[in-house]
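Structure file entry.tsv (TSV, C-alpha atoms and all ligand atoms) follows.
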```tsv
chain	number	residue	atom	x	y	z
A	30	MET	CA	109.88	-39.64	-87.10
A	31	ASP	CA	108.83	-36.11	-87.99
A	32	LEU	CA	106.48	-37.40	-90.63
A	33	PHE	CA	105.04	-39.93	-88.20
A	34	PHE	CA	104.43	-37.15	-85.69
A	35	THR	CA	102.81	-34.91	-88.29
A	36	GLU	CA	100.49	-37.69	-89.34
A	37	GLN	CA	99.19	-38.04	-85.80
A	38	GLN	CA	98.10	-34.39	-85.56
A	39	ALA	CA	94.36	-33.99	-85.71
A	40	GLN	CA	92.79	-31.34	-87.87
A	41	THR	CA	89.57	-30.16	-86.30
A	42	LEU	CA	86.63	-28.11	-87.44
A	43	THR	CA	83.75	-26.82	-85.33
A	44	HIS	CA	80.73	-25.11	-86.85
A	45	PRO	CA	77.03	-24.54	-86.25
A	46	ALA	CA	74.68	-26.58	-88.46
A	47	MET	CA	71.32	-28.34	-88.30
A	48	GLY	CA	70.34	-26.51	-85.13
A	49	THR	CA	73.37	-27.71	-83.21
A	50	VAL	CA	77.16	-27.43	-83.07
A	51	MET	CA	79.22	-29.98	-84.96
A	52	THR	CA	82.86	-30.92	-84.43
A	53	HIS	CA	84.93	-32.96	-86.84
A	54	GLN	CA	88.35	-34.39	-86.20
A	55	SER	CA	90.44	-35.95	-88.92
A	56	TYR	CA	93.93	-37.49	-88.98
A	57	GLY	CA	96.42	-37.90	-91.78
A	58	GLU	CA	97.19	-36.26	-95.09
A	59	ASN	CA	94.29	-34.55	-96.88
A	60	SER	CA	92.57	-33.83	-93.57
A	61	GLU	CA	92.29	-30.11	-94.22
A	62	ASP	CA	90.73	-30.57	-97.65
A	63	CYS	CA	88.50	-33.29	-96.30
A	64	LEU	CA	87.19	-31.01	-93.53
A	65	THR	CA	86.45	-28.28	-96.07
A	66	THR	CA	84.46	-30.79	-98.10
A	67	ILE	CA	82.66	-32.03	-94.98
A	68	ARG	CA	81.59	-28.45	-94.16
A	69	MET	CA	80.18	-28.05	-97.68
A	70	GLU	CA	78.50	-31.45	-97.55
A	71	ILE	CA	76.72	-30.62	-94.29
A	72	GLU	CA	75.61	-27.28	-95.77
A	73	ARG	CA	74.31	-29.07	-98.89
A	74	LEU	CA	72.32	-31.52	-96.77
A	75	GLU	CA	70.89	-28.82	-94.54
A	76	ALA	CA	69.80	-26.81	-97.59
A	77	MET	CA	68.06	-29.95	-98.88
A	78	LEU	CA	66.52	-31.31	-95.68
A	79	SER	CA	65.82	-28.49	-93.24
A	80	ARG	CA	62.23	-27.44	-92.77
A	81	PHE	CA	63.56	-24.02	-91.81
A	82	ARG	CA	65.11	-23.41	-95.25
A	83	PRO	CA	62.28	-22.20	-97.51
A	84	HIS	CA	63.64	-23.86	-100.66
A	85	SER	CA	64.56	-27.24	-99.19
A	86	ASP	CA	62.86	-30.42	-100.42
A	87	ILE	CA	61.16	-30.74	-97.04
A	88	SER	CA	59.88	-27.14	-97.08
A	89	ARG	CA	58.50	-27.57	-100.58
A	90	ILE	CA	56.64	-30.71	-99.50
A	91	ASN	CA	55.31	-28.82	-96.45
A	92	GLN	CA	54.31	-25.74	-98.46
A	93	ASN	CA	52.34	-27.92	-100.88
A	94	ALA	CA	50.64	-30.07	-98.22
A	95	GLY	CA	47.04	-30.76	-99.15
A	96	CYS	CA	47.66	-29.61	-102.75
A	97	ASN	CA	50.18	-31.49	-104.82
A	98	ALA	CA	53.23	-33.70	-104.69
A	99	VAL	CA	56.60	-32.13	-105.49
A	100	THR	CA	59.75	-33.50	-107.08
A	101	ILE	CA	62.52	-34.10	-104.60
A	102	ASN	CA	66.13	-35.17	-104.60
A	103	ASP	CA	66.88	-38.89	-104.69
A	104	GLU	CA	68.61	-38.67	-101.30
A	105	THR	CA	65.61	-36.99	-99.67
A	106	MET	CA	63.47	-39.80	-101.05
A	107	GLN	CA	65.78	-42.42	-99.49
A	108	ILE	CA	65.49	-40.74	-96.08
A	109	LEU	CA	61.72	-40.43	-96.34
A	110	LEU	CA	61.43	-44.09	-97.36
A	111	ALA	CA	63.56	-45.14	-94.38
A	112	ALA	CA	61.45	-43.02	-92.01
A	113	GLN	CA	58.25	-44.44	-93.53
A	114	GLN	CA	59.50	-47.98	-93.16
A	115	THR	CA	60.20	-47.45	-89.47
A	116	ALA	CA	56.81	-45.81	-88.96
A	117	ASN	CA	55.03	-48.65	-90.78
A	118	THR	CA	56.90	-51.38	-88.91
A	119	TRP	CA	56.74	-49.89	-85.41
A	120	THR	CA	53.53	-47.91	-85.48
A	121	GLN	CA	52.59	-44.86	-83.43
A	122	ALA	CA	56.02	-43.91	-82.15
A	123	PHE	CA	58.47	-42.62	-84.77
A	124	ASP	CA	56.56	-40.35	-87.13
A	125	ILE	CA	58.07	-37.52	-89.20
A	126	THR	CA	54.65	-35.87	-89.60
A	127	ILE	CA	54.92	-35.03	-85.88
A	128	THR	CA	55.74	-31.35	-86.65
A	129	PRO	CA	52.44	-29.66	-85.66
A	130	LEU	CA	52.92	-31.15	-82.20
A	131	VAL	CA	56.63	-30.30	-82.12
A	132	ASN	CA	55.74	-26.68	-82.95
A	133	LEU	CA	53.08	-26.57	-80.27
A	134	TRP	CA	55.49	-27.83	-77.64
A	135	ARG	CA	58.23	-25.44	-78.82
A	136	THR	CA	55.89	-22.51	-78.19
A	137	ALA	CA	55.03	-24.09	-74.85
A	138	ALA	CA	58.70	-24.30	-73.94
A	139	ALA	CA	59.11	-20.57	-74.64
A	140	SER	CA	56.35	-19.75	-72.13
A	141	GLN	CA	57.15	-22.76	-69.90
A	142	THR	CA	53.47	-23.68	-69.99
A	143	PRO	CA	52.04	-26.84	-71.54
A	144	PRO	CA	49.60	-26.26	-74.44
A	145	ALA	CA	45.84	-26.46	-73.95
A	146	ARG	CA	44.32	-29.91	-74.38
A	147	LYS	CA	42.25	-28.69	-77.34
A	148	ALA	CA	45.32	-27.39	-79.15
A	149	ILE	CA	47.02	-30.76	-78.66
A	150	GLN	CA	43.99	-32.61	-80.00
A	151	GLU	CA	43.85	-30.34	-83.06
A	152	ALA	CA	47.54	-30.82	-83.81
A	153	MET	CA	47.16	-34.60	-83.39
A	154	GLN	CA	44.62	-34.60	-86.24
A	155	LEU	CA	47.45	-33.60	-88.57
A	156	VAL	CA	49.93	-36.25	-87.46
A	157	ASP	CA	49.76	-39.42	-89.50
A	158	HIS	CA	52.67	-40.87	-91.43
A	159	GLN	CA	50.24	-42.61	-93.76
A	160	ASP	CA	49.37	-39.19	-95.17
A	161	LEU	CA	52.88	-38.89	-96.54
A	162	ARG	CA	52.64	-40.19	-100.09
A	163	LEU	CA	55.92	-41.28	-101.67
A	164	HIS	CA	56.39	-42.10	-105.35
A	165	PRO	CA	60.00	-43.30	-105.60
A	166	ALA	CA	59.69	-44.14	-109.30
A	167	CYS	CA	59.31	-40.43	-110.15
A	168	ASN	CA	60.89	-39.00	-106.96
A	169	GLN	CA	57.71	-37.24	-105.92
A	170	ALA	CA	56.41	-36.74	-102.42
A	171	GLY	CA	53.38	-35.04	-100.96
A	172	LEU	CA	51.29	-34.66	-97.82
A	173	ARG	CA	47.56	-35.35	-97.96
A	174	LYS	CA	46.17	-32.63	-95.68
A	175	THR	CA	46.70	-28.88	-95.56
A	176	GLY	CA	48.65	-27.97	-92.43
A	177	GLN	CA	50.61	-31.22	-92.35
A	178	CYS	CA	54.32	-30.77	-92.05
A	179	LEU	CA	57.45	-32.95	-92.02
A	180	ASP	CA	60.34	-32.66	-89.57
A	181	LEU	CA	63.49	-34.76	-90.05
A	182	GLY	CA	64.92	-33.79	-86.62
A	183	GLY	CA	64.94	-37.43	-85.53
A	184	ILE	CA	66.76	-38.81	-88.58
A	185	ALA	CA	68.59	-36.16	-90.67
A	186	LYS	CA	71.73	-35.90	-88.53
A	187	GLY	CA	72.08	-39.67	-88.78
A	188	TYR	CA	71.90	-39.48	-92.55
A	189	ALA	CA	74.44	-36.64	-92.58
A	190	ALA	CA	76.79	-38.71	-90.40
A	191	ASN	CA	76.63	-41.55	-92.91
A	192	ARG	CA	77.59	-39.15	-95.71
A	193	LEU	CA	80.68	-38.07	-93.76
A	194	ARG	CA	81.91	-41.62	-94.12
A	195	ASP	CA	81.85	-41.12	-97.90
A	196	CYS	CA	83.94	-37.94	-97.50
A	197	TRP	CA	86.56	-39.70	-95.38
A	198	CYS	CA	86.81	-42.54	-97.89
A	199	ALA	CA	87.07	-40.15	-100.85
A	200	PHE	CA	90.02	-38.38	-99.18
A	201	ASN	CA	91.67	-41.62	-98.15
A	202	ILE	CA	91.35	-40.78	-94.45
A	203	HIS	CA	91.64	-43.81	-92.19
A	204	SER	CA	91.06	-42.22	-88.83
A	205	ALA	CA	88.39	-39.61	-88.14
A	206	PHE	CA	85.64	-38.73	-85.75
A	207	SER	CA	82.64	-36.40	-85.87
A	208	ASN	CA	80.17	-35.22	-83.28
A	209	LEU	CA	77.02	-33.93	-84.92
A	210	GLY	CA	75.46	-32.47	-81.81
A	211	GLY	CA	75.25	-35.73	-79.89
A	212	ASN	CA	75.26	-37.99	-82.94
A	213	VAL	CA	78.78	-39.37	-82.96
A	214	ILE	CA	80.36	-41.25	-85.83
A	215	ALA	CA	83.84	-42.74	-85.87
A	216	HIS	CA	85.79	-43.76	-88.96
A	217	GLY	CA	88.35	-46.49	-88.43
A	218	CYS	CA	90.08	-46.43	-85.07
A	219	LYS	CA	92.33	-43.89	-83.37
A	220	PRO	CA	95.62	-43.20	-85.15
A	221	ASP	CA	97.45	-45.35	-82.59
A	222	GLY	CA	95.26	-48.32	-83.52
A	223	SER	CA	93.15	-48.34	-80.37
A	224	PRO	CA	89.36	-47.97	-80.54
A	225	TRP	CA	87.67	-44.61	-79.99
A	226	ARG	CA	86.22	-44.13	-76.51
A	227	ILE	CA	82.94	-42.25	-76.47
A	228	GLY	CA	81.54	-40.78	-73.27
A	229	ILE	CA	77.80	-41.18	-72.71
A	230	GLN	CA	76.24	-38.22	-70.88
A	231	HIS	CA	74.65	-38.98	-67.53
A	232	PRO	CA	70.96	-38.07	-67.97
A	233	ARG	CA	70.59	-36.42	-64.56
A	234	MET	CA	74.09	-35.24	-63.56
A	235	GLU	CA	75.03	-32.53	-66.02
A	236	GLN	CA	78.79	-32.61	-65.56
A	237	HIS	CA	79.06	-36.38	-65.36
A	238	LEU	CA	79.23	-39.28	-67.70
A	239	LEU	CA	77.18	-42.42	-67.38
A	240	GLY	CA	80.09	-44.31	-68.83
A	241	ALA	CA	82.18	-44.74	-71.94
A	242	VAL	CA	81.89	-47.12	-74.84
A	243	THR	CA	84.59	-48.20	-77.29
A	244	ILE	CA	83.79	-48.09	-81.00
A	245	GLU	CA	85.39	-48.55	-84.41
A	246	ASN	CA	83.61	-47.62	-87.64
A	247	GLU	CA	80.35	-47.10	-85.80
A	248	ALA	CA	77.89	-44.41	-84.84
A	249	VAL	CA	76.74	-43.66	-81.29
A	250	VAL	CA	73.43	-41.81	-81.07
A	251	THR	CA	71.57	-40.83	-77.91
A	252	SER	CA	67.99	-39.64	-77.45
A	253	GLY	CA	67.22	-38.31	-74.01
A	254	ASP	CA	64.86	-36.12	-72.04
A	255	TYR	CA	67.64	-33.97	-70.56
A	256	GLN	CA	68.86	-31.72	-73.36
A	257	ARG	CA	65.87	-29.76	-74.55
A	258	TYR	CA	63.17	-29.52	-71.89
A	259	PHE	CA	61.40	-27.32	-69.43
A	260	ILE	CA	59.98	-28.12	-66.01
A	261	GLY	CA	56.30	-27.13	-65.80
A	262	LYS	CA	54.55	-25.64	-62.76
A	263	ASP	CA	53.33	-29.16	-62.05
A	264	GLY	CA	56.97	-30.20	-61.62
A	265	GLN	CA	56.88	-32.34	-64.74
A	266	ARG	CA	59.65	-32.46	-67.29
A	267	TYR	CA	58.48	-31.54	-70.80
A	268	HIS	CA	61.07	-32.48	-73.41
A	269	HIS	CA	61.32	-32.45	-77.21
A	270	ILE	CA	60.50	-36.04	-78.20
A	271	ILE	CA	56.78	-36.29	-78.74
A	272	ASP	CA	54.65	-39.41	-78.42
A	273	PRO	CA	52.19	-39.28	-81.34
A	274	GLN	CA	49.72	-41.40	-79.34
A	275	THR	CA	49.34	-38.84	-76.56
A	276	GLY	CA	50.42	-35.66	-78.37
A	277	ARG	CA	52.72	-34.96	-75.42
A	278	PRO	CA	56.41	-35.41	-74.61
A	279	SER	CA	56.93	-39.13	-74.40
A	280	ARG	CA	56.62	-40.55	-70.88
A	281	SER	CA	57.85	-44.06	-71.25
A	282	ASP	CA	59.97	-45.56	-68.49
A	283	LEU	CA	63.15	-44.57	-70.37
A	284	ILE	CA	64.99	-41.27	-69.92
A	285	SER	CA	67.95	-41.98	-72.19
A	286	VAL	CA	68.56	-44.38	-75.07
A	287	THR	CA	71.85	-44.82	-76.88
A	288	VAL	CA	72.11	-46.95	-80.01
A	289	ILE	CA	75.45	-48.10	-81.41
A	290	THR	CA	75.70	-49.49	-84.92
A	291	PRO	CA	77.60	-48.76	-88.16
A	292	ASP	CA	74.58	-47.13	-89.87
A	293	ALA	CA	74.17	-43.70	-88.22
A	294	MET	CA	70.73	-43.11	-89.74
A	295	LEU	CA	69.45	-46.36	-88.26
A	296	ALA	CA	71.00	-45.42	-84.90
A	297	ASP	CA	69.32	-42.00	-85.02
A	298	THR	CA	65.90	-43.41	-85.90
A	299	LEU	CA	66.09	-46.27	-83.41
A	300	SER	CA	67.23	-44.10	-80.51
A	301	THR	CA	64.16	-41.90	-80.90
A	302	LEU	CA	61.88	-44.89	-81.52
A	303	LEU	CA	63.11	-46.86	-78.48
A	304	PHE	CA	62.97	-43.78	-76.26
A	305	ILE	CA	59.25	-43.41	-77.04
A	306	SER	CA	58.56	-47.16	-76.96
A	307	GLY	CA	59.92	-47.74	-73.45
A	308	MET	CA	61.91	-50.58	-71.96
A	309	TYR	CA	59.67	-53.57	-72.62
A	310	LYS	CA	58.74	-52.81	-76.21
A	311	GLY	CA	62.17	-51.31	-76.84
A	312	VAL	CA	63.90	-54.58	-76.03
A	313	GLU	CA	61.42	-56.42	-78.27
A	314	ILE	CA	62.18	-54.01	-81.10
A	315	LEU	CA	65.93	-54.38	-80.59
A	316	LYS	CA	65.69	-58.13	-81.14
A	317	ASN	CA	64.98	-57.31	-84.78
A	318	TYR	CA	68.23	-55.38	-85.15
A	319	PRO	CA	71.04	-57.80	-84.24
A	320	GLU	CA	73.58	-55.34	-85.68
A	321	CYS	CA	72.61	-52.75	-83.04
A	322	GLU	CA	73.88	-52.43	-79.48
A	323	ALA	CA	72.06	-50.26	-76.96
A	324	ILE	CA	72.34	-48.56	-73.58
A	325	LEU	CA	68.97	-47.93	-71.95
A	326	VAL	CA	68.52	-45.84	-68.81
A	327	ASP	CA	65.23	-46.05	-66.97
A	328	GLN	CA	63.53	-43.55	-64.67
A	329	ASN	CA	65.30	-45.01	-61.64
A	330	LEU	CA	68.64	-44.45	-63.37
A	331	LYS	CA	69.05	-48.15	-63.75
A	332	THR	CA	71.24	-48.71	-66.78
A	333	TYR	CA	70.85	-51.66	-69.08
A	334	ILE	CA	73.32	-52.59	-71.79
A	335	SER	CA	72.93	-55.08	-74.60
A	336	LYS	CA	75.05	-58.22	-74.45
A	337	GLY	CA	77.50	-57.09	-77.11
A	338	LEU	CA	78.55	-54.13	-74.94
A	339	CYS	CA	79.64	-56.17	-71.94
A	340	ASP	CA	83.30	-55.78	-72.85
A	341	ARG	CA	82.91	-52.36	-74.44
A	342	PHE	CA	80.96	-50.26	-71.94
A	343	THR	CA	82.68	-48.98	-68.80
A	344	PRO	CA	80.40	-47.27	-66.29
A	345	THR	CA	81.89	-44.26	-64.51
A	346	SER	CA	82.59	-44.43	-60.81
A	347	CYS	CA	79.76	-42.01	-60.06
A	348	THR	CA	77.34	-44.29	-61.82
A	349	GLN	CA	78.68	-47.40	-60.15
A	350	SER	CA	78.83	-45.99	-56.65
A	351	THR	CA	75.19	-44.97	-56.52
A	352	VAL	CA	73.07	-47.75	-55.11
A	353	LEU	CA	70.16	-46.63	-57.27
A	354	ASN	CA	72.17	-47.17	-60.43
A	355	PRO	CA	73.19	-50.81	-60.51
A	356	HIS	CA	74.12	-51.94	-63.97
A	357	GLY	CA	71.98	-54.74	-65.25
A	358	VAL	CA	72.51	-56.59	-68.48
A	359	PHE	CA	69.68	-57.71	-70.69
A	360	SER	CA	70.03	-60.38	-73.30
A	361	ILE	CA	68.99	-59.67	-76.84
B	401	LIG	P1	68.09	-34.93	-80.98
B	401	LIG	O1	67.50	-34.20	-82.15
B	401	LIG	O2	68.09	-34.17	-79.72
B	401	LIG	O3	69.39	-35.56	-81.32
B	401	LIG	P2	66.37	-37.18	-81.51
B	401	LIG	O4	67.22	-37.78	-82.56
B	401	LIG	O5	65.72	-38.15	-80.58
B	401	LIG	O6	67.11	-36.12	-80.63
B	401	LIG	O7	65.25	-36.39	-82.29
B	401	LIG	C1	64.37	-35.50	-81.65
B	401	LIG	C2	63.81	-34.63	-82.73
B	401	LIG	O8	63.01	-35.42	-83.62
B	401	LIG	C3	62.87	-33.56	-82.20
B	401	LIG	O9	63.54	-32.37	-81.93
B	401	LIG	C4	61.88	-33.42	-83.33
B	401	LIG	O10	62.42	-32.57	-84.33
B	401	LIG	C5	61.79	-34.82	-83.89
B	401	LIG	N1	60.76	-35.65	-83.23
B	401	LIG	C6	60.12	-35.46	-82.05
B	401	LIG	N2	59.25	-36.44	-81.80
B	401	LIG	C7	59.35	-37.30	-82.85
B	401	LIG	C8	58.67	-38.52	-83.20
B	401	LIG	N3	57.75	-39.07	-82.42
B	401	LIG	N4	59.02	-39.12	-84.36
B	401	LIG	C9	59.97	-38.59	-85.18
B	401	LIG	N5	60.62	-37.45	-84.91
B	401	LIG	C10	60.32	-36.81	-83.77
B	402	MG	MG	67.00	-39.73	-83.39
```
Can the structure in the file be given as structure tokens, please?
Amino acid sequence: MDLFFTEQQAQTLTHPAMGTVMTHQSYGENSEDCLTTIRMEIERLEAMLSRFRPHSDISRINQNAGCNAVTINDETMQILLAAQQTANTWTQAFDITITPLVNLWRTAAASQTPPARKAIQEAMQLVDHQDLRLHPACNQAGLRKTGQCLDLGGIAKGYAANRLRDCWCAFNIHSAFSNLGGNVIAHGCKPDGSPWRIGIQHPRMEQHLLGAVTIENEAVVTSGDYQRYFIGKDGQRYHHIIDPQTGRPSRSDLISVTVITPDAMLADTLSTLLFISGMYKGVEILKNYPECEAILVDQNLKTYISKGLCDRFTPTSCTQSTVLNPHGVFSI
């Protein structure tokens, strides 16, 4: 009985990484060692992938933009190939060369003033995923034009979440859960055998949830306009997901997109892609990913869930009781 009780105790670890705060929760023997390894693994990935670490693969590509290709880690290459594939398949939405625009809008957020039109146009000249040249055979990558710059903000946490799964398996952990700053990944189910229940943040009511979804061995990733934003003098909301077609924070009809699927990197990429693409195109895109479930919230706070979530998503009472927020279901 004592042993049983001990096994149910969660070991937790909270730490800052990748520009956010991460929390990991692990059950069973080896949890402490596993969490130590997880901390080191996240640090290793950040050192490899962050554009804010001067020696990372990504920084070296950025520093050599317009000059030469550089040799990168095999893992970095896999992430870049995945990002390129998404950009090639669903053009002009998800683009990791978006950085000049991201930087422009970060400065704008500091002064709460949108950038000048000319500055946006100039930055847009540098955004083109086709200028990222990848040579997987020799693990080399380079950017064509000086000033071009990669940012893995829309995909790296998803990759990191996938790697946590390897850590849990290596330590023979059967029940664990991590929150990588909004990117959630669950390993197995809860120690009592029931599925994990993940709360989805309401995009307009800070202290409230939109609902909760049950998951096992899956990732839940949300992209929304409500976490990093400023309201301009014109009353408009300027957030951190940039539409490469306009050079401005995306203004599709969606304000929050959650993707649920076992592959956390796919969930991360798709949530950003669908958010920019909007409801109509987003649903079309989703048809190509039968392994993905989604929760889409439009500007009127109307919430749409994919068919597979009918028995797994429970809206909160605050969401249900508001006439403006009826829950529809779309078929994919
Ligand atoms: P979060 O980082 O808040 O979890 P996302 O996964 O949607 O949200 O990623 C947003 C981040 O991705 C931005 O902070 C930026 O670094 C990067 N980004 C912004 N616009 C794009 C875009 N069009 N394509 C790819 N990455 C983007
Ligand atoms: Mg993303």
Spatial neighbours of range 100-107 of chain A, max dist 8 Å, all atoms listed in the file, sep filter under 4 positions, as a VMD selection string
chain A and resid 77 to 78 86 111 163 165 167 to 170
If we draw a sphere of 10 Å around (48.2, -34.0, -86.3), which residues have at least one atom in it when counting all atoms listed in the file? Please report them as a PyMOL selection string.
chain A and resi 126-130+149-158+174+176-178+273+276
Print the selection's residues with C-alpha atoms to a file, as a compact mmCIF listing (two decimals), in the coordinates of the input.
```txt
# COMPACT_ATOMS: atom_id res chain seq x y z
CA THR A 126 54.65 -35.87 -89.60
CA ILE A 127 54.92 -35.03 -85.88
CA THR A 128 55.74 -31.35 -86.65
CA PRO A 129 52.44 -29.66 -85.66
CA LEU A 130 52.92 -31.15 -82.20
CA ILE A 149 47.02 -30.76 -78.66
CA GLN A 150 43.99 -32.61 -80.00
CA GLU A 151 43.85 -30.34 -83.06
CA ALA A 152 47.54 -30.82 -83.81
CA MET A 153 47.16 -34.60 -83.39
CA GLN A 154 44.62 -34.60 -86.24
CA LEU A 155 47.45 -33.60 -88.57
CA VAL A 156 49.93 -36.25 -87.46
CA ASP A 157 49.76 -39.42 -89.50
CA HIS A 158 52.67 -40.87 -91.43
CA LYS A 174 46.17 -32.63 -95.68
CA GLY A 176 48.65 -27.97 -92.43
CA GLN A 177 50.61 -31.22 -92.35
CA CYS A 178 54.32 -30.77 -92.05
CA PRO A 273 52.19 -39.28 -81.34
CA GLY A 276 50.42 -35.66 -78.37
```
Applying 6 Å and only C-alpha atoms, which residues near range 301-303 of chain A remain after dropping the ones on its own chain fewer than 5 positions away? List them as a tab-separated table (two decimals) with C-alpha atoms, in the frame of the given file.
```
chain	number	residue	atom	x	y	z
A	122	ALA	CA	56.02	-43.91	-82.15
A	123	PHE	CA	58.47	-42.62	-84.77
A	252	SER	CA	67.99	-39.64	-77.45
A	311	GLY	CA	62.17	-51.31	-76.84
```
Compile a residue-level contact table for chain A against ligand MG 402 (chain B) at a cut-off of 12 Å, reporting for every qualifying residue the shortest atom pair and its distance in Å to one decimal, with only C-alpha atoms and all ligand atoms counted, rows ordered by chain and ascending number, as JSON lines.
```
{"residue": "A:Ala112", "atom": "CA", "partner": "B:MG402", "partner_atom": "MG", "distance": 10.8}
{"residue": "A:Thr115", "atom": "CA", "partner": "B:MG402", "partner_atom": "MG", "distance": 12.0}
{"residue": "A:Ala122", "atom": "CA", "partner": "B:MG402", "partner_atom": "MG", "distance": 11.8}
{"residue": "A:Phe123", "atom": "CA", "partner": "B:MG402", "partner_atom": "MG", "distance": 9.1}
{"residue": "A:Asp124", "atom": "CA", "partner": "B:MG402", "partner_atom": "MG", "distance": 11.1}
{"residue": "A:Ile125", "atom": "CA", "partner": "B:MG402", "partner_atom": "MG", "distance": 10.9}
{"residue": "A:Asp180", "atom": "CA", "partner": "B:MG402", "partner_atom": "MG", "distance": 11.5}
{"residue": "A:Leu181", "atom": "CA", "partner": "B:MG402", "partner_atom": "MG", "distance": 9.0}
{"residue": "A:Gly182", "atom": "CA", "partner": "B:MG402", "partner_atom": "MG", "distance": 7.1}
{"residue": "A:Gly183", "atom": "CA", "partner": "B:MG402", "partner_atom": "MG", "distance": 3.8}
{"residue": "A:Ile184", "atom": "CA", "partner": "B:MG402", "partner_atom": "MG", "distance": 5.3}
{"residue": "A:Ala185", "atom": "CA", "partner": "B:MG402", "partner_atom": "MG", "distance": 8.3}
{"residue": "A:Lys186", "atom": "CA", "partner": "B:MG402", "partner_atom": "MG", "distance": 8.0}
{"residue": "A:Gly187", "atom": "CA", "partner": "B:MG402", "partner_atom": "MG", "distance": 7.4}
{"residue": "A:Tyr188", "atom": "CA", "partner": "B:MG402", "partner_atom": "MG", "distance": 10.4}
{"residue": "A:Leu209", "atom": "CA", "partner": "B:MG402", "partner_atom": "MG", "distance": 11.7}
{"residue": "A:Gly210", "atom": "CA", "partner": "B:MG402", "partner_atom": "MG", "distance": 11.3}
{"residue": "A:Gly211", "atom": "CA", "partner": "B:MG402", "partner_atom": "MG", "distance": 9.8}
{"residue": "A:Asn212", "atom": "CA", "partner": "B:MG402", "partner_atom": "MG", "distance": 8.5}
{"residue": "A:Val213", "atom": "CA", "partner": "B:MG402", "partner_atom": "MG", "distance": 11.8}
{"residue": "A:Ala248", "atom": "CA", "partner": "B:MG402", "partner_atom": "MG", "distance": 11.9}
{"residue": "A:Val249", "atom": "CA", "partner": "B:MG402", "partner_atom": "MG", "distance": 10.7}
{"residue": "A:Val250", "atom": "CA", "partner": "B:MG402", "partner_atom": "MG", "distance": 7.1}
{"residue": "A:Thr251", "atom": "CA", "partner": "B:MG402", "partner_atom": "MG", "distance": 7.2}
{"residue": "A:Ser252", "atom": "CA", "partner": "B:MG402", "partner_atom": "MG", "distance": 6.0}
{"residue": "A:Gly253", "atom": "CA", "partner": "B:MG402", "partner_atom": "MG", "distance": 9.5}
{"residue": "A:His269", "atom": "CA", "partner": "B:MG402", "partner_atom": "MG", "distance": 11.1}
{"residue": "A:Ile270", "atom": "CA", "partner": "B:MG402", "partner_atom": "MG", "distance": 9.1}
{"residue": "A:Ile271", "atom": "CA", "partner": "B:MG402", "partner_atom": "MG", "distance": 11.7}
{"residue": "A:Ser285", "atom": "CA", "partner": "B:MG402", "partner_atom": "MG", "distance": 11.5}
{"residue": "A:Val286", "atom": "CA", "partner": "B:MG402", "partner_atom": "MG", "distance": 9.7}
{"residue": "A:Thr287", "atom": "CA", "partner": "B:MG402", "partner_atom": "MG", "distance": 9.6}
{"residue": "A:Val288", "atom": "CA", "partner": "B:MG402", "partner_atom": "MG", "distance": 9.5}
{"residue": "A:Ala293", "atom": "CA", "partner": "B:MG402", "partner_atom": "MG", "distance": 9.5}
{"residue": "A:Met294", "atom": "CA", "partner": "B:MG402", "partner_atom": "MG", "distance": 8.1}
{"residue": "A:Leu295", "atom": "CA", "partner": "B:MG402", "partner_atom": "MG", "distance": 8.6}
{"residue": "A:Ala296", "atom": "CA", "partner": "B:MG402", "partner_atom": "MG", "distance": 7.1}
{"residue": "A:Asp297", "atom": "CA", "partner": "B:MG402", "partner_atom": "MG", "distance": 3.6}
{"residue": "A:Thr298", "atom": "CA", "partner": "B:MG402", "partner_atom": "MG", "distance": 4.6}
{"residue": "A:Leu299", "atom": "CA", "partner": "B:MG402", "partner_atom": "MG", "distance": 6.6}
{"residue": "A:Ser300", "atom": "CA", "partner": "B:MG402", "partner_atom": "MG", "distance": 5.2}
{"residue": "A:Thr301", "atom": "CA", "partner": "B:MG402", "partner_atom": "MG", "distance": 4.4}
{"residue": "A:Leu302", "atom": "CA", "partner": "B:MG402", "partner_atom": "MG", "distance": 7.5}
{"residue": "A:Leu303", "atom": "CA", "partner": "B:MG402", "partner_atom": "MG", "distance": 9.5}
{"residue": "A:Phe304", "atom": "CA", "partner": "B:MG402", "partner_atom": "MG", "distance": 9.1}
{"residue": "A:Ile305", "atom": "CA", "partner": "B:MG402", "partner_atom": "MG", "distance": 10.7}
```
Measuring between all atoms listed in the file, which one of A:Leu193, A:Leu74, A:Ala46, A:Ile90 shows the shortest distance to Ile214 in chain A?
A:Leu193
List as a count of residues only the protein and nucleic acid residues near Glu58 in chain A, meaning an atom at most 8 Å away when only C-alpha atoms are counted, but skip any in the same chain fewer than 2 places from it.
5
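Closest to ligand LIG 401 (chain B) among A:Pro83, A:Pro278, A:Pro319, A:Gly337 is A:Pro278, based on all atoms listed in the file.
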What does the structure give for the distance between CA of Ser204 in chain A and atom O5 of ligand LIG 401 (chain B), in Å to one decimal?
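Between CA of Ser204 in chain A and atom O5 of ligand LIG 401 (chain B) the gap works out to 27.0 Å.
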Neighbouring residues of Gln54 in chain A were defined as those with any atom within 10 Å, considering only C-alpha atoms; residues of the same chain fewer than 3 positions away were excluded. Please report them as a PyMOL selection string.
chain A and resi 38-43+60-61+64+204-208+215
Point (93.0, -47.3, -87.8) neighbourhood (10 Å, all atoms listed in the file) written as a list in words:
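I get Tyr56, Ile202, His203, Ser204, Ala205, His216, Gly217, Cys218, Lys219, Pro220, Asp221, Gly222, Ser223, Pro224, Trp225, Glu245 and Asn246 of chain A for the residues within 10 Å of that point.
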Considering all atoms listed in the file, return as a list in words whatever protein or nucleic-acid residues lie within 9 Å of Asn201 in chain A, sequence-local ones (same chain, fewer than 3 positions apart) excluded.
Gly57, Glu58, Asn59, Cys196, Trp197 and Cys198 of chain A
